[in-house]
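To keep things clear, I will list the structure first and then write my remarks on it.
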Amino acid sequence: MKTMIGAWTAVLALFALTSTKAATLVDNIWPTGVRTNGTTSDWFTTSSANVSAGTGFLSFTNLIGSSEWSTYFTAAGSPVHLNVGDTLTLALTFKINGMGVGGTSSKTFNVGVFDSSAGTRLTTDGAPPCASYTGYVLQNSFAATWLAGPTWYERTNTASTDALKTTADNSKLTPSGAFSSGSQYFTNLGTYTLTLTLTHTNQSQMVMTAAWSGGGLTNTVTDTNVLVLTTNFDTFIVRPTSDNTTATNIIYTEFKVTGPTGSASAPLIVSSPQSLTRETGTYAQFNVSASGGQPLFYHWYSVAGGVTNLVSGQTNSQLQFINVQPGQAANYFSIVSNSLGSATSGPATLTITTPVYTATNLVVDDFWLDGSQNNTPIATNNSVWYASTAGSLSASTGTMTGTADPSSSRTWVGYFANDPSVVDLAVGTALKVTLVFTPITPAPQNNSSLRFGILNFADGATPITADGFGTTNFNVDGYMLTENFGTSFGVDRPMTLFSREVFTDGDLLGTSGDYAVLGTNGPSGETNLPAFASGTSYTLTMTASRTSTTNVNLSTSITGGALNLAWNENDTTNLYRRFDSFAIRANRSTDSAASFNFTEFRVEVITATTTSTPIPLHVQLSGGNVTFTWSNPVFSLYAAPVVTGPYTLISGAATGYSVPATNSQRYFRLFSPN
């Protein structure tokens with residue numbers, strides 16, 4: 001769609017923001033013993049069989065399996081709106097009876113504060129219709145002692161019908177608070193109050209605090225959300241898991257909501273997109289931030305040569321270019337609207353430059369001979385590493401050690417290029433990363449994974465400069481390998497390669513849903529076979545080969561001990577070619593290993609193979625029979641009676657071959673017709 005505009009005009013709609021006096025919106029103590037009487041703060045449950053009301057209380061019997069308890073604290077279509085300076089406070093007081101015996105560090109008692117305006121409301125008991133609900137989630141463990149501190153999330157997958165069930169529906173924020181593992185938490189027959197406070201501190205910031213009190217608890221956790229802000233609220237939902245992991249009976253004695261009486265406003269631009277300069281074929285992202293009554297709608301426009309074009313399909317607060325091209329150089333702006341009006345951002349310029357490619361050479365080969373993991377600057381013998389959890393990564397002469405955690409995953413990121421420098425691959429070159437590591441006390445067989453990533457912070461992300469970075473890494477692109485990990489394999493195909501496609505999640509390797517799967521898993525036939533042994537050295541390679549302008553071949557291998565695993569796939573969509581870092585994500589120590597000793601980290605730019613890279617033959621022995629498998633059908637299997645040949649083609653063997661018992665050939669090789 002094209003519309004001629006005589007002159008560029010940025011129209012900024014300004015609306016007065018005034019803080020309104022706080023009022024008690026709900027103070028429910030159930031004086032008549034009725035939970036649904038058609039007034040504000042009716043309570044609904046997923047099963048009417050597990051709830052009863054009496055004078056002064058609302059009692060929920062938690063059955064086998066999770067349940068959800070929901071209420072709306074304003075009339076439909078009239079959510080509480082938080083202008084700058086406004087605070088919304090929700091306090092739930094309850095008693096515990098039949099404290100569960102199976103409390104875990106997983107999030108077993110979750111609560112959420114939402115705006116239901118864009119969705120539908122419950123009018124009878126049933127699962128809350130959470131599609132289109134926006135807002136914030138607090139995930140809590142539920143046990144006699146703190147096993148993991150509460151964590152704040154922002155709801156990002158509003159297409160989901162369940163706001164509290166799936167962690168992947170939310171973006172994790174970084175909390176801070178006085179929660180220490182092992183300290184006193186709940187006791188049976190105790191009375192507790194959970195107080196949630198949401199304060200709209202400025203146009204680009206919402207501060208959220210959760211405070212527990214009762215039974216000696218005085219703990220708080222606070223987080224600041226600077227993503228797309230939700231400023232309207234009308235819904236509160238509680239989701240406990242089964243009685244074994246929470247309690248048999250949870251009795252509400254008061255639910256109180258205090259907040260402003262102000263109404264929603266028309267959109268106001270908080271921050272306009274900023275101009276960018278990017279090389280052809282890289283990732284670029286513009287961001288606009290706006291406040292105002294929800295829901296907000298976003299439309300992006302480009303301006304070039306006096307002509308304004310609607311950017312089709314871009315209806316979020318981010319405008320993304322995965323593989324930017326010279327023809328996309330222009331000015332860009334966004335119009336944000338709601339039912340009360342619209343506001344237009346200022347323009348930002350996207351400038352496209354010609355790439356400067358990295359020559360084939362050694363980039364880094366680090367043996368940690370200096371005894372430090374984060375000495376700057378980066379050099380050919382020195383990479384720089386940081387840990388998501390401070391203290392989980394350390395170095396001594398010749399070794400860097402990563403220590404896993406028993407209750408949560410940890411991520412370690414190593415840079416091989418000094419910001420803003422980056423390795424940029426020309427067609428015909430490849431980035432090869434080699435990591436030599438030794439696991440200590442691997443976990444038994446499981447279906448969890450050790451994850452590795454070749455990543456790029458240089459084009460839109462904020463580089464990491466210190467430990468404790470958590471999940472604050474937005475706009476990072478690159479590739480990921482998930483590797484099934486344990487003393488034996490718990491899956492048939494333990495390797496999977498991915499290309500990153502979701503950039504609004506700050507957890508680098510935590511969610512496979514942020515990535516697109518490249519091809520299939522491989523290689524096959526690994527279930528129950530020996531995998532990783534304690535004290536054994538393994539060599540991992542990951543290679544991104546830019547074989548053409550329309551293809552990046554990603555290959556990987558792990559060798560050492562009894563392992564000789566390899567796999568490769570092609571990326572013909574995102575085509576990432578710029579990299580500056582490598583990441584490792586160790587799952588809980590009960591799923592990965594107690595620790596990992598790293599003894600070499602080598603990064604090279606090499607000449608890419610002009611044909612598809614052959615995967616080494618994978619050999620499987622079973623009952624005296626030998627089976628060969630490989631992943632790339634371009635390569636054919638040849639056999640010979642002696643190592644020097646002659647080798648003859650084994651017809652009909654595409655990616656696998658079982659050697660007959662009568663076979664006289666003893667030597668096998670893969671050959672490519674090219």
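We name chains A, B, ... following the order of the structure tokens; residues begin at 1 in each chain, and ligands are numbered from 1 as shown.
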
> Near Phe109 of chain A, counting only C-alpha atoms, which residues have an atom at most 9 Å away, once you skip same-chain residues fewer than 4 positions from it, shown as a list in words?
Replying inline: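 The neighbour list is Leu138, Gln139, Asn140, Ser141, Phe142, Val238, Arg239, Pro240, Thr241, Thr245 and Thr246 of chain A.
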
> Which residues come within 6 Å of Asn316 of chain A, counting only C-alpha atoms, excluding same-chain residues fewer than 2 positions away, as a ChimeraX atom specification?
Replying inline: /A:298,314,318

How about saving the chosen residues, N, CA, C and O atoms kept, as a short mmCIF file (atom, residue, chain, number, x, y, z; two decimals), in the first residue's frame?
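What landed in part_4.cif:
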data_model
loop_
_atom_site.label_atom_id
_atom_site.label_comp_id
_atom_site.auth_asym_id
_atom_site.auth_seq_id
_atom_site.Cartn_x
_atom_site.Cartn_y
_atom_site.Cartn_z
N TYR A 298 -0.03 -1.65 16.92
CA TYR A 298 1.15 -1.05 16.32
C TYR A 298 1.13 -1.26 14.80
O TYR A 298 0.86 -2.37 14.33
N GLN A 314 3.84 -6.32 10.20
CA GLN A 314 4.60 -5.90 11.38
C GLN A 314 3.67 -5.15 12.32
O GLN A 314 3.44 -3.95 12.18
N GLN A 318 8.10 -4.18 18.11
CA GLN A 318 9.41 -4.34 17.47
C GLN A 318 9.22 -4.52 15.96
O GLN A 318 8.30 -5.22 15.52
#

> Which of segment 22-136 of chain A counts as strand (DSSP E) under DSSP, as a ChimeraX atom specification please?
Replying inline: /A:22-28,43-45,51-54,57-61,69-72,80-81,87-99,109-115,134-136

Using only C-alpha atoms, tabulate the residues of segment 458-491 of chain A lying at most 12 Å from any atom of segment 535-556 of chain A, each with its closest atom pair and that distance in Å to one decimal, by chain and increasing residue number, as a tab-separated table.
residue	atom	partner	partner_atom	distance
A:Gly478	CA	A:Ala544	CA	9.8
A:Tyr479	CA	A:Leu554	CA	8.2
A:Met480	CA	A:Met542	CA	9.4
A:Leu481	CA	A:Thr556	CA	8.1
A:Thr482	CA	A:Thr556	CA	10.6
A:Glu483	CA	A:Thr556	CA	10.4
A:Thr487	CA	A:Thr536	CA	11.4

>> Give me, as a list in words, all polymer residues having an atom no more than 10 Å from Val643 of chain A, counting only C-alpha atoms and skipping those fewer than 2 positions away in the same chain.
In response: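 Contacts, in chain order: Ala639, Ala640, Pro641, Gly645, Pro646, Tyr647, Gln665, Arg666, Tyr667, Phe668 and Arg669 of chain A.
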